[in-house]
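Undergrad: Okay, so here is query.cif, and as you'll see once you scroll down, it has mmCIF, C-alpha atoms; chains and numbers go by the auth columns.
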data_data
#
loop_
_atom_site.group_PDB
_atom_site.id
_atom_site.type_symbol
_atom_site.label_atom_id
_atom_site.label_comp_id
_atom_site.label_asym_id
_atom_site.label_seq_id
_atom_site.Cartn_x
_atom_site.Cartn_y
_atom_site.Cartn_z
_atom_site.B_iso_or_equiv
_atom_site.auth_seq_id
_atom_site.auth_asym_id
ATOM 1 C CA MET A 1 -2.632 0.348 -12.914 0.00 383 M
ATOM 2 C CA ARG A 2 -1.447 -3.267 -13.155 0.00 384 M
ATOM 3 C CA LYS A 3 -0.336 -2.655 -16.742 0.00 385 M
ATOM 4 C CA ASP A 4 1.527 0.462 -15.571 0.00 386 M
ATOM 5 C CA ILE A 5 3.262 -1.593 -12.862 0.00 387 M
ATOM 6 C CA VAL A 6 4.428 -4.285 -15.277 0.00 388 M
ATOM 7 C CA ARG A 7 5.571 -1.789 -17.915 0.00 389 M
ATOM 8 C CA MET A 8 7.558 0.444 -15.553 0.00 390 M
ATOM 9 C CA ILE A 9 9.317 -2.429 -13.801 0.00 391 M
ATOM 10 C CA GLY A 10 10.065 -4.078 -17.132 0.00 392 M
ATOM 11 C CA ALA A 11 11.516 -0.837 -18.507 0.00 393 M
ATOM 12 C CA ALA A 12 13.640 -0.333 -15.397 0.00 394 M
ATOM 13 C CA LYS A 13 14.766 -3.982 -15.382 0.00 395 M
ATOM 14 C CA SER A 14 14.404 -3.685 -11.620 0.00 396 M
ATOM 15 C CA GLY A 15 11.622 -3.502 -9.047 0.00 397 M
ATOM 16 C CA HIS A 16 9.064 -5.421 -7.026 0.00 398 M
ATOM 17 C CA PRO A 17 6.072 -6.611 -9.070 0.00 399 M
ATOM 18 C CA GLY A 18 4.577 -9.227 -6.732 0.00 400 M
ATOM 19 C CA GLY A 19 3.541 -7.007 -3.844 0.00 401 M
ATOM 20 C CA SER A 20 2.686 -4.102 -6.136 0.00 402 M
ATOM 21 C CA LEU A 21 0.189 -6.229 -8.042 0.00 403 M
ATOM 22 C CA SER A 22 -1.329 -7.690 -4.866 0.00 404 M
ATOM 23 C CA ALA A 23 -2.020 -4.188 -3.528 0.00 405 M
ATOM 24 C CA ALA A 24 -3.414 -2.674 -6.736 0.00 406 M
ATOM 25 C CA ASP A 25 -7.142 -3.104 -6.057 0.00 407 M
ATOM 26 C CA ILE A 26 -6.921 -1.583 -2.581 0.00 408 M
ATOM 27 C CA VAL A 27 -4.800 1.367 -3.705 0.00 409 M
ATOM 28 C CA ALA A 28 -7.135 1.961 -6.661 0.00 410 M
ATOM 29 C CA ALA A 29 -10.140 2.007 -4.330 0.00 411 M
ATOM 30 C CA LEU A 30 -8.411 4.551 -2.094 0.00 412 M
ATOM 31 C CA TYR A 31 -7.354 6.971 -4.828 0.00 413 M
ATOM 32 C CA PHE A 32 -10.373 6.742 -7.111 0.00 414 M
ATOM 33 C CA LYS A 33 -13.267 6.220 -4.715 0.00 415 M
ATOM 34 C CA VAL A 34 -12.419 6.811 -1.064 0.00 416 M
ATOM 35 C CA MET A 35 -9.773 9.442 -0.381 0.00 417 M
ATOM 36 C CA ARG A 36 -10.287 13.196 -0.469 0.00 418 M
ATOM 37 C CA HIS A 37 -7.306 14.536 -2.417 0.00 419 M
ATOM 38 C CA ASP A 38 -6.452 17.052 -5.115 0.00 420 M
ATOM 39 C CA PRO A 39 -3.675 16.347 -7.672 0.00 421 M
ATOM 40 C CA ALA A 40 -3.560 20.081 -8.461 0.00 422 M
ATOM 41 C CA ASN A 41 -2.853 20.858 -4.798 0.00 423 M
ATOM 42 C CA PRO A 42 -0.860 17.960 -3.291 0.00 424 M
ATOM 43 C CA LYS A 43 -0.265 19.808 -0.012 0.00 425 M
ATOM 44 C CA TRP A 44 -3.914 20.748 0.580 0.00 426 M
ATOM 45 C CA PRO A 45 -4.141 20.769 4.421 0.00 427 M
ATOM 46 C CA ASP A 46 -7.479 18.943 4.544 0.00 428 M
ATOM 47 C CA ARG A 47 -6.514 16.128 2.169 0.00 429 M
ATOM 48 C CA ASP A 48 -6.653 12.523 3.294 0.00 430 M
ATOM 49 C CA ARG A 49 -3.214 10.955 3.668 0.00 431 M
ATOM 50 C CA PHE A 50 -1.925 7.604 2.379 0.00 432 M
ATOM 51 C CA VAL A 51 1.364 6.112 3.555 0.00 433 M
ATOM 52 C CA LEU A 52 2.746 3.108 1.679 0.00 434 M
ATOM 53 C CA SER A 53 4.728 1.627 4.532 0.00 435 M
ATOM 54 C CA LYS A 54 5.856 -1.333 2.371 0.00 436 M
ATOM 55 C CA GLY A 55 7.784 1.120 0.220 0.00 437 M
ATOM 56 C CA HIS A 56 9.297 -1.475 -2.110 0.00 438 M
ATOM 57 C CA ALA A 57 5.802 -1.640 -3.685 0.00 439 M
ATOM 58 C CA GLY A 58 6.315 1.931 -4.904 0.00 440 M
ATOM 59 C CA PRO A 59 5.151 1.072 -8.448 0.00 441 M
ATOM 60 C CA VAL A 60 1.553 0.649 -7.263 0.00 442 M
ATOM 61 C CA LEU A 61 1.631 4.083 -5.640 0.00 443 M
ATOM 62 C CA TYR A 62 3.235 5.687 -8.701 0.00 444 M
ATOM 63 C CA ALA A 63 0.605 4.102 -10.938 0.00 445 M
ATOM 64 C CA ALA A 64 -2.197 5.515 -8.773 0.00 446 M
ATOM 65 C CA LEU A 65 -0.605 8.958 -8.618 0.00 447 M
ATOM 66 C CA ALA A 66 -0.025 9.098 -12.384 0.00 448 M
ATOM 67 C CA GLU A 67 -3.505 7.857 -13.257 0.00 449 M
ATOM 68 C CA SER A 68 -4.914 10.407 -10.776 0.00 450 M
ATOM 69 C CA GLY A 69 -3.084 13.268 -12.475 0.00 451 M
ATOM 70 C CA TYR A 70 -0.231 14.101 -10.098 0.00 452 M
ATOM 71 C CA PHE A 71 2.221 13.730 -12.982 0.00 453 M
ATOM 72 C CA PRO A 72 2.048 12.436 -16.597 0.00 454 M
ATOM 73 C CA VAL A 73 1.509 8.697 -17.059 0.00 455 M
ATOM 74 C CA GLU A 74 4.415 8.731 -19.523 0.00 456 M
ATOM 75 C CA GLU A 75 6.757 9.620 -16.646 0.00 457 M
ATOM 76 C CA LEU A 76 6.228 6.150 -15.184 0.00 458 M
ATOM 77 C CA MET A 77 8.723 4.859 -17.720 0.00 459 M
ATOM 78 C CA THR A 78 11.479 6.820 -15.960 0.00 460 M
ATOM 79 C CA PHE A 79 11.069 4.608 -12.872 0.00 461 M
ATOM 80 C CA ARG A 80 14.459 3.915 -11.237 0.00 462 M
ATOM 81 C CA LYS A 81 16.312 5.930 -13.868 0.00 463 M
ATOM 82 C CA ILE A 82 19.017 8.451 -12.985 0.00 464 M
ATOM 83 C CA ASN A 83 17.502 11.874 -12.105 0.00 465 M
ATOM 84 C CA SER A 84 13.943 10.497 -12.175 0.00 466 M
ATOM 85 C CA ARG A 85 11.386 11.700 -9.630 0.00 467 M
ATOM 86 C CA LEU A 86 10.296 8.074 -9.332 0.00 468 M
ATOM 87 C CA GLN A 87 12.861 6.470 -7.071 0.00 469 M
ATOM 88 C CA GLY A 88 12.930 2.738 -6.357 0.00 470 M
ATOM 89 C CA HIS A 89 11.214 3.602 -3.082 0.00 471 M
ATOM 90 C CA PRO A 90 8.860 6.591 -2.630 0.00 472 M
ATOM 91 C CA ASP A 91 10.525 9.930 -1.850 0.00 473 M
ATOM 92 C CA MET A 92 8.343 12.665 -0.337 0.00 474 M
ATOM 93 C CA ASN A 93 10.864 15.327 -1.358 0.00 475 M
ATOM 94 C CA LYS A 94 10.830 14.431 -5.047 0.00 476 M
ATOM 95 C CA THR A 95 7.461 12.995 -6.008 0.00 477 M
ATOM 96 C CA PRO A 96 4.173 14.950 -5.879 0.00 478 M
ATOM 97 C CA GLY A 97 1.562 13.147 -3.810 0.00 479 M
ATOM 98 C CA VAL A 98 3.983 11.022 -1.773 0.00 480 M
ATOM 99 C CA GLU A 99 3.253 11.703 1.895 0.00 481 M
ATOM 100 C CA PHE A 100 6.229 9.945 3.481 0.00 482 M
ATOM 101 C CA SER A 101 9.512 8.443 2.282 0.00 483 M
ATOM 102 C CA THR A 102 9.354 4.697 2.866 0.00 484 M
ATOM 103 C CA GLY A 103 11.389 1.603 2.132 0.00 485 M
ATOM 104 C CA SER A 104 13.027 1.075 5.512 0.00 486 M
ATOM 105 C CA LEU A 105 10.370 -1.385 6.587 0.00 487 M
ATOM 106 C CA GLY A 106 8.425 -0.879 9.797 0.00 488 M
ATOM 107 C CA HIS A 107 8.450 2.913 9.824 0.00 489 M
ATOM 108 C CA GLY A 108 5.465 3.948 7.719 0.00 490 M
ATOM 109 C CA LEU A 109 2.790 3.000 10.217 0.00 491 M
ATOM 110 C CA GLY A 110 4.482 5.102 12.900 0.00 492 M
ATOM 111 C CA ALA A 111 4.508 8.079 10.526 0.00 493 M
ATOM 112 C CA ALA A 112 0.810 7.549 9.840 0.00 494 M
ATOM 113 C CA VAL A 113 0.162 7.497 13.592 0.00 495 M
ATOM 114 C CA GLY A 114 1.894 10.869 13.836 0.00 496 M
ATOM 115 C CA MET A 115 -0.234 12.286 11.015 0.00 497 M
ATOM 116 C CA ALA A 116 -3.394 11.020 12.719 0.00 498 M
ATOM 117 C CA ILE A 117 -2.368 12.588 16.035 0.00 499 M
ATOM 118 C CA ALA A 118 -1.693 15.874 14.209 0.00 500 M
ATOM 119 C CA GLY A 119 -5.156 15.743 12.682 0.00 501 M
ATOM 120 C CA LYS A 120 -6.709 15.356 16.112 0.00 502 M
ATOM 121 C CA LEU A 121 -4.628 18.182 17.588 0.00 503 M
ATOM 122 C CA ASP A 122 -5.433 20.513 14.683 0.00 504 M
ATOM 123 C CA ASN A 123 -9.145 19.642 14.732 0.00 505 M
ATOM 124 C CA ARG A 124 -9.052 18.594 11.080 0.00 506 M
ATOM 125 C CA ASP A 125 -11.317 15.870 9.770 0.00 507 M
ATOM 126 C CA TYR A 126 -8.922 14.246 7.305 0.00 508 M
ATOM 127 C CA ARG A 127 -8.426 10.485 7.371 0.00 509 M
ATOM 128 C CA VAL A 128 -5.053 8.732 7.395 0.00 510 M
ATOM 129 C CA PHE A 129 -4.499 5.419 5.617 0.00 511 M
ATOM 130 C CA ALA A 130 -1.414 3.218 5.787 0.00 512 M
ATOM 131 C CA MET A 131 -0.618 -0.009 3.974 0.00 513 M
ATOM 132 C CA ILE A 132 1.714 -2.494 5.630 0.00 514 M
ATOM 133 C CA GLY A 133 3.080 -5.810 4.392 0.00 515 M
ATOM 134 C CA ASP A 134 3.400 -9.338 5.696 0.00 516 M
ATOM 135 C CA GLY A 135 7.166 -9.413 6.132 0.00 517 M
ATOM 136 C CA GLU A 136 7.034 -5.913 7.557 0.00 518 M
ATOM 137 C CA SER A 137 4.613 -7.133 10.220 0.00 519 M
ATOM 138 C CA GLN A 138 7.474 -9.139 11.716 0.00 520 M
ATOM 139 C CA GLU A 139 9.113 -5.849 12.746 0.00 521 M
ATOM 140 C CA GLY A 140 8.723 -4.570 16.289 0.00 522 M
ATOM 141 C CA ALA A 141 8.202 -0.972 15.166 0.00 523 M
ATOM 142 C CA ILE A 142 4.868 -1.988 13.608 0.00 524 M
ATOM 143 C CA TRP A 143 3.596 -3.212 16.969 0.00 525 M
ATOM 144 C CA GLU A 144 4.912 -0.152 18.819 0.00 526 M
ATOM 145 C CA ALA A 145 2.963 2.024 16.376 0.00 527 M
ATOM 146 C CA GLY A 146 -0.076 -0.201 16.822 0.00 528 M
ATOM 147 C CA MET A 147 0.074 0.189 20.578 0.00 529 M
ATOM 148 C CA ALA A 148 0.399 3.991 20.299 0.00 530 M
ATOM 149 C CA ALA A 149 -2.520 4.269 17.861 0.00 531 M
ATOM 150 C CA ALA A 150 -4.834 2.455 20.255 0.00 532 M
ATOM 151 C CA HIS A 151 -3.558 4.404 23.259 0.00 533 M
ATOM 152 C CA TYR A 152 -4.302 7.740 21.579 0.00 534 M
ATOM 153 C CA LYS A 153 -7.708 6.527 20.322 0.00 535 M
ATOM 154 C CA LEU A 154 -6.907 7.308 16.684 0.00 536 M
ATOM 155 C CA ASP A 155 -10.209 6.495 15.018 0.00 537 M
ATOM 156 C CA ASN A 156 -9.098 8.689 12.101 0.00 538 M
ATOM 157 C CA LEU A 157 -6.458 6.065 11.207 0.00 539 M
ATOM 158 C CA THR A 158 -7.054 3.030 8.999 0.00 540 M
ATOM 159 C CA ALA A 159 -4.266 0.558 8.308 0.00 541 M
ATOM 160 C CA ILE A 160 -4.446 -2.135 5.660 0.00 542 M
ATOM 161 C CA LEU A 161 -2.399 -5.323 5.808 0.00 543 M
ATOM 162 C CA ASP A 162 -1.680 -6.576 2.283 0.00 544 M
ATOM 163 C CA HIS A 163 -1.765 -10.188 3.445 0.00 545 M
ATOM 164 C CA ASN A 164 -0.493 -12.123 0.426 0.00 546 M
ATOM 165 C CA GLY A 165 1.333 -14.716 2.503 0.00 547 M
ATOM 166 C CA LEU A 166 4.752 -14.332 0.860 0.00 548 M
ATOM 167 C CA GLN A 167 7.885 -12.308 1.505 0.00 549 M
ATOM 168 C CA ILE A 168 11.314 -12.116 -0.064 0.00 550 M
ATOM 169 C CA ASP A 169 12.608 -15.285 1.640 0.00 551 M
ATOM 170 C CA GLY A 170 9.492 -17.409 1.195 0.00 552 M
ATOM 171 C CA PRO A 171 6.093 -18.057 2.792 0.00 553 M
ATOM 172 C CA ASN A 172 5.401 -16.142 6.012 0.00 554 M
ATOM 173 C CA VAL A 173 4.587 -19.405 7.791 0.00 555 M
ATOM 174 C CA GLU A 174 8.145 -20.610 7.168 0.00 556 M
ATOM 175 C CA VAL A 175 10.003 -17.353 7.804 0.00 557 M
ATOM 176 C CA MET A 176 8.069 -15.992 10.813 0.00 558 M
ATOM 177 C CA GLY A 177 4.414 -16.888 11.189 0.00 559 M
ATOM 178 C CA LEU A 178 1.919 -14.043 11.661 0.00 560 M
ATOM 179 C CA GLU A 179 -1.183 -15.961 12.644 0.00 561 M
ATOM 180 C CA PRO A 180 -3.458 -15.413 14.427 0.00 562 M
ATOM 181 C CA VAL A 181 -2.873 -11.943 12.986 0.00 563 M
ATOM 182 C CA ALA A 182 -6.457 -10.687 13.398 0.00 564 M
ATOM 183 C CA ASP A 183 -6.516 -11.682 17.064 0.00 565 M
ATOM 184 C CA LYS A 184 -3.189 -9.922 17.616 0.00 566 M
ATOM 185 C CA TRP A 185 -4.503 -6.616 16.299 0.00 567 M
ATOM 186 C CA ARG A 186 -7.694 -6.983 18.330 0.00 568 M
ATOM 187 C CA ALA A 187 -5.565 -7.601 21.415 0.00 569 M
ATOM 188 C CA PHE A 188 -3.725 -4.363 20.669 0.00 570 M
ATOM 189 C CA GLY A 189 -7.046 -2.508 20.838 0.00 571 M
ATOM 190 C CA TRP A 190 -7.843 -2.124 17.136 0.00 572 M
ATOM 191 C CA ASN A 191 -11.126 -2.465 15.283 0.00 573 M
ATOM 192 C CA VAL A 192 -10.363 -5.373 12.906 0.00 574 M
ATOM 193 C CA ILE A 193 -12.086 -6.077 9.575 0.00 575 M
ATOM 194 C CA GLU A 194 -11.140 -9.092 7.430 0.00 576 M
ATOM 195 C CA ILE A 195 -11.759 -9.012 3.675 0.00 577 M
ATOM 196 C CA ASP A 196 -10.877 -10.400 0.267 0.00 578 M
ATOM 197 C CA GLY A 197 -8.438 -7.747 -0.944 0.00 579 M
ATOM 198 C CA HIS A 198 -9.466 -8.205 -4.579 0.00 580 M
ATOM 199 C CA ASP A 199 -13.227 -7.817 -4.082 0.00 581 M
ATOM 200 C CA PHE A 200 -14.147 -4.158 -4.576 0.00 582 M
ATOM 201 C CA GLY A 201 -17.422 -4.553 -2.735 0.00 583 M
ATOM 202 C CA GLN A 202 -15.599 -5.806 0.335 0.00 584 M
ATOM 203 C CA ILE A 203 -12.780 -3.256 -0.019 0.00 585 M
ATOM 204 C CA LEU A 204 -15.115 -0.279 -0.270 0.00 586 M
ATOM 205 C CA GLY A 205 -17.322 -1.631 2.494 0.00 587 M
ATOM 206 C CA ALA A 206 -14.357 -1.928 4.851 0.00 588 M
ATOM 207 C CA LEU A 207 -13.107 1.571 3.980 0.00 589 M
ATOM 208 C CA ASP A 208 -16.511 3.187 4.539 0.00 590 M
ATOM 209 C CA PRO A 209 -16.394 5.608 7.490 0.00 591 M
ATOM 210 C CA SER A 210 -19.439 3.893 8.971 0.00 592 M
ATOM 211 C CA ARG A 211 -17.318 0.817 9.686 0.00 593 M
ATOM 212 C CA LYS A 212 -15.089 2.622 12.155 0.00 594 M
ATOM 213 C CA ASP A 213 -15.350 1.968 15.882 0.00 595 M
ATOM 214 C CA PRO A 214 -15.293 5.305 17.774 0.00 596 M
ATOM 215 C CA GLY A 215 -12.111 5.630 19.802 0.00 597 M
ATOM 216 C CA LYS A 216 -10.298 2.822 17.973 0.00 598 M
ATOM 217 C CA PRO A 217 -7.991 2.724 14.948 0.00 599 M
ATOM 218 C CA THR A 218 -9.073 0.270 12.253 0.00 600 M
ATOM 219 C CA MET A 219 -7.012 -2.565 10.800 0.00 601 M
ATOM 220 C CA ILE A 220 -8.221 -4.090 7.524 0.00 602 M
ATOM 221 C CA ILE A 221 -6.676 -7.500 6.962 0.00 603 M
ATOM 222 C CA ALA A 222 -6.886 -7.980 3.208 0.00 604 M
ATOM 223 C CA ARG A 223 -6.261 -11.496 1.937 0.00 605 M
ATOM 224 C CA THR A 224 -4.541 -11.005 -1.408 0.00 606 M
ATOM 225 C CA THR A 225 -2.616 -12.893 -4.089 0.00 607 M
ATOM 226 C CA LYS A 226 1.005 -12.002 -4.725 0.00 608 M
ATOM 227 C CA GLY A 227 1.398 -11.092 -8.394 0.00 609 M
ATOM 228 C CA LYS A 228 -2.378 -10.836 -8.865 0.00 610 M
ATOM 229 C CA GLY A 229 -3.519 -10.726 -12.486 0.00 611 M
ATOM 230 C CA VAL A 230 -0.398 -12.199 -14.110 0.00 612 M
ATOM 231 C CA SER A 231 -0.560 -16.003 -14.279 0.00 613 M
ATOM 232 C CA PHE A 232 3.149 -16.749 -13.995 0.00 614 M
ATOM 233 C CA MET A 233 3.603 -14.289 -11.117 0.00 615 M
ATOM 234 C CA GLU A 234 0.663 -15.333 -8.956 0.00 616 M
ATOM 235 C CA ASN A 235 1.716 -16.924 -5.652 0.00 617 M
ATOM 236 C CA ALA A 236 5.307 -17.164 -6.901 0.00 618 M
ATOM 237 C CA VAL A 237 7.826 -15.863 -4.375 0.00 619 M
ATOM 238 C CA ASP A 238 10.463 -15.416 -7.100 0.00 620 M
ATOM 239 C CA TRP A 239 8.489 -12.407 -8.357 0.00 621 M
ATOM 240 C CA HIS A 240 8.798 -10.528 -5.070 0.00 622 M
ATOM 241 C CA GLY A 241 11.685 -8.493 -6.459 0.00 623 M
ATOM 242 C CA LYS A 242 12.384 -9.632 -10.018 0.00 624 M
ATOM 243 C CA ALA A 243 11.711 -7.651 -13.185 0.00 625 M
ATOM 244 C CA PRO A 244 10.006 -9.288 -16.173 0.00 626 M
ATOM 245 C CA GLY A 245 11.856 -9.462 -19.476 0.00 627 M
ATOM 246 C CA PRO A 246 10.381 -8.094 -22.731 0.00 628 M
ATOM 247 C CA GLU A 247 8.513 -11.303 -23.628 0.00 629 M
ATOM 248 C CA GLU A 248 7.190 -11.642 -20.070 0.00 630 M
ATOM 249 C CA VAL A 249 6.009 -8.009 -20.141 0.00 631 M
ATOM 250 C CA GLU A 250 4.192 -8.714 -23.389 0.00 632 M
ATOM 251 C CA GLN A 251 2.517 -11.822 -21.976 0.00 633 M
ATOM 252 C CA ALA A 252 1.535 -10.027 -18.747 0.00 634 M
ATOM 253 C CA ILE A 253 0.026 -7.061 -20.616 0.00 635 M
ATOM 254 C CA ALA A 254 -1.948 -9.444 -22.841 0.00 636 M
ATOM 255 C CA GLU A 255 -3.311 -11.286 -19.801 0.00 637 M
ATOM 256 C CA LEU A 256 -4.214 -8.049 -18.024 0.00 638 M
ATOM 257 C CA GLY A 257 -5.861 -6.712 -21.169 0.00 639 M
ATOM 258 C CA ALA A 258 -8.034 -9.784 -21.402 0.00 640 M
ATOM 259 C CA ALA A 259 -9.103 -9.631 -17.761 0.00 641 M
#
As C-alpha cells, please, write out the structure in this file.
TA:
Amino acid sequence: MRKDIVRMIGAAKSGHPGGSLSAADIVAALYFKVMRHDPANPKWPDRDRFVLSKGHAGPVLYAALAESGYFPVEELMTFRKINSRLQGHPDMNKTPGVEFSTGSLGHGLGAAVGMAIAGKLDNRDYRVFAMIGDGESQEGAIWEAGMAAAHYKLDNLTAILDHNGLQIDGPNVEVMGLEPVADKWRAFGWNVIEIDGHDFGQILGALDPSRKDPGKPTMIIARTTKGKGVSFMENAVDWHGKAPGPEEVEQAIAELGAA
C-alpha cells in the first residue's frame, strides 16, 4: 500500500504523501483483518463502514480499495487525472467502496455519527469506523460530532486519530496544540485507547470488539510518524502535500521494498 501511495502521487505530480503514509498500517488492518466488507458488493447493507474524514489522505484509501479488489490496482495510476474515478479527495459518487465524500475537513466524523445512528435505528450490527487528523481536530465540527456520538451512546462507532503531530503549517504544538487530547475525548464521554499506530498487535487489539465500552463510542489515539517508511519524508512537514519526483519515487520504492 505504501508503494502504491508513492507511485500514484508521483505519477500525478500532486497529492499528500505524509499523512497517507502515516495512516497506512491502520487502514490496512481495517480492510484486511477487521472490517466486514465485500468488494463485489460495495453497497451490501450489512457491511462495516469506513469514513476517511481527513480526505486529503485519499491515496491510502485508494490503495486499500484497489488491493482489496474494488477496482484494478493499475487504475491507481490515474489518480488526479482528468476523468479518473480517483479524485484528489474521495468521491462517493465516483469511486466504488468510498462511503462518504471528504476533503472539507471536520465533516467526516459527523457523517460517521449519522451512519452509526442509522445502524442503531435499523437494528443492524455493522460497525462504523472514521479516521480523523491532527489539524482537523482543531475544527469545532469534530467536537460537535464527538458530543453527539456520546449523547446517543454510539458504541458501534470507532474513531481513530492519526496523531502524527504535523499539519500543513507545521507542528500541531505551534499551530494549535491538541494536548491533552486523550483527556479531552474522555471528558466528552468516549472510551479512549492509546496505541502505537504502526504496531499491528496494538492496532488489532484496539480494534477488537471486546475493547468497546457498552454505551460509549471509542476513540483510538494512534501515535504515528508522518511519511512513515520513507526516510526523507518521515517527520518532515514539507511532505504534507508535496509530490516526489522520479528519483525520489525510485528511492522511496527501494526503501519500502527493503523494509
Undergrad: Please expand the PyMOL selection byres ((chain M and resi 393) around 10) into the concrete residues it hits in this file, giving the result as a list in words.
TA: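 Against this file, the PyMOL selection byres ((chain M and resi 393) around 10) returns the residues Val388, Arg389, Met390, Ile391, Gly392, Ala394, Lys395, Ser396, Gly397, Leu458, Met459, Thr460, Phe461, Arg462, Lys463, Ala625, Pro626, Gly627, Pro628 and Val631 of chain M.
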Undergrad: When distances are computed from all atoms listed in the file, which of M:Glu561, M:Asp537, M:Asp581, M:Asp516 shows the smallest separation from Ile499 of chain M?
TA: M:Asp537
Undergrad: Run the PyMOL selection byres ((chain M and resi 488) around 8) mentally over the shown coordinates, then write out the matched residues as a compact mmCIF listing (two decimals) with C-alpha atoms, in the frame of the given file, using the chain letters and numbers from the document.
TA:
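Final output, saved to selection.txt:
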# COMPACT_ATOMS: atom_id res chain seq x y z
CA SER M 435 4.73 1.63 4.53
CA LYS M 436 5.86 -1.33 2.37
CA SER M 486 13.03 1.08 5.51
CA LEU M 487 10.37 -1.38 6.59
CA HIS M 489 8.45 2.91 9.82
CA GLY M 490 5.46 3.95 7.72
CA LEU M 491 2.79 3.00 10.22
CA GLY M 492 4.48 5.10 12.90
CA GLU M 518 7.03 -5.91 7.56
CA SER M 519 4.61 -7.13 10.22
CA GLU M 521 9.11 -5.85 12.75
CA GLY M 522 8.72 -4.57 16.29
CA ALA M 523 8.20 -0.97 15.17
CA ILE M 524 4.87 -1.99 13.61
Undergrad: Interatomic distance between atom CA of Ala445 of chain M and atom CA of Met383 of chain M?
TA: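 For atom CA of Ala445 of chain M relative to atom CA of Met383 of chain M, the distance reads 5.3 Å.
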Undergrad: Can you translate the PyMOL selection byres ((chain M and resi 547-559) around 8) into the concrete residues it hits in this file, as a PyMOL selection string?
TA: chain M and resi 516-517+520+545-546+560-561+606-608+617+619-620+622-623
Undergrad: Could you check which of M:Glu456, M:Ala618, M:Asp407, M:Asp595 is closest to Gly579 of chain M, using all atoms listed in the file?
TA: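 Result for the nearest residue to Gly579 of chain M: M:Asp407.
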Undergrad: Can you rebuild segment 514-529 of chain M with N, CA and C atoms and give it as a PDB file, keeping the file's coordinate frame?
TA:
ATOM      1  N   ILE M 514       0.548  -1.757   5.149  1.00  0.00           N
ATOM      2  CA  ILE M 514       1.714  -2.494   5.630  1.00  0.00           C
ATOM      3  C   ILE M 514       1.754  -3.864   4.957  1.00  0.00           C
ATOM      4  N   GLY M 515       2.909  -4.511   5.031  1.00  0.00           N
ATOM      5  CA  GLY M 515       3.080  -5.810   4.392  1.00  0.00           C
ATOM      6  C   GLY M 515       3.256  -6.933   5.396  1.00  0.00           C
ATOM      7  N   ASP M 516       3.243  -8.152   4.859  1.00  0.00           N
ATOM      8  CA  ASP M 516       3.400  -9.338   5.696  1.00  0.00           C
ATOM      9  C   ASP M 516       4.766  -9.398   6.376  1.00  0.00           C
ATOM     10  N   GLY M 517       5.831  -9.350   5.557  1.00  0.00           N
ATOM     11  CA  GLY M 517       7.166  -9.413   6.132  1.00  0.00           C
ATOM     12  C   GLY M 517       7.423  -8.260   7.081  1.00  0.00           C
ATOM     13  N   GLU M 518       6.884  -7.103   6.725  1.00  0.00           N
ATOM     14  CA  GLU M 518       7.034  -5.913   7.557  1.00  0.00           C
ATOM     15  C   GLU M 518       6.384  -6.110   8.926  1.00  0.00           C
ATOM     16  N   SER M 519       5.335  -6.915   8.964  1.00  0.00           N
ATOM     17  CA  SER M 519       4.613  -7.133  10.220  1.00  0.00           C
ATOM     18  C   SER M 519       5.418  -7.953  11.219  1.00  0.00           C
ATOM     19  N   GLN M 520       6.571  -8.435  10.799  1.00  0.00           N
ATOM     20  CA  GLN M 520       7.474  -9.139  11.716  1.00  0.00           C
ATOM     21  C   GLN M 520       8.402  -8.159  12.443  1.00  0.00           C
ATOM     22  N   GLU M 521       8.260  -6.871  12.146  1.00  0.00           N
ATOM     23  CA  GLU M 521       9.113  -5.849  12.746  1.00  0.00           C
ATOM     24  C   GLU M 521       8.463  -5.256  13.987  1.00  0.00           C
ATOM     25  N   GLY M 522       9.254  -5.082  15.031  1.00  0.00           N
ATOM     26  CA  GLY M 522       8.723  -4.570  16.289  1.00  0.00           C
ATOM     27  C   GLY M 522       8.143  -3.182  16.201  1.00  0.00           C
ATOM     28  N   ALA M 523       8.694  -2.351  15.284  1.00  0.00           N
ATOM     29  CA  ALA M 523       8.202  -0.972  15.166  1.00  0.00           C
ATOM     30  C   ALA M 523       6.733  -0.935  14.763  1.00  0.00           C
ATOM     31  N   ILE M 524       6.284  -1.925  13.996  1.00  0.00           N
ATOM     32  CA  ILE M 524       4.868  -1.988  13.608  1.00  0.00           C
ATOM     33  C   ILE M 524       3.998  -2.115  14.851  1.00  0.00           C
ATOM     34  N   TRP M 525       4.418  -2.962  15.776  1.00  0.00           N
ATOM     35  CA  TRP M 525       3.596  -3.212  16.969  1.00  0.00           C
ATOM     36  C   TRP M 525       3.691  -2.065  17.966  1.00  0.00           C
ATOM     37  N   GLU M 526       4.819  -1.367  17.995  1.00  0.00           N
ATOM     38  CA  GLU M 526       4.912  -0.152  18.819  1.00  0.00           C
ATOM     39  C   GLU M 526       3.941   0.902  18.305  1.00  0.00           C
ATOM     40  N   ALA M 527       3.890   1.063  16.968  1.00  0.00           N
ATOM     41  CA  ALA M 527       2.963   2.024  16.376  1.00  0.00           C
ATOM     42  C   ALA M 527       1.520   1.601  16.639  1.00  0.00           C
ATOM     43  N   GLY M 528       1.269   0.301  16.559  1.00  0.00           N
ATOM     44  CA  GLY M 528      -0.076  -0.201  16.822  1.00  0.00           C
ATOM     45  C   GLY M 528      -0.522   0.083  18.245  1.00  0.00           C
ATOM     46  N   MET M 529       0.391  -0.079  19.182  1.00  0.00           N
ATOM     47  CA  MET M 529       0.074   0.189  20.578  1.00  0.00           C
ATOM     48  C   MET M 529      -0.212   1.679  20.788  1.00  0.00           C
TER      49      MET M 529
END
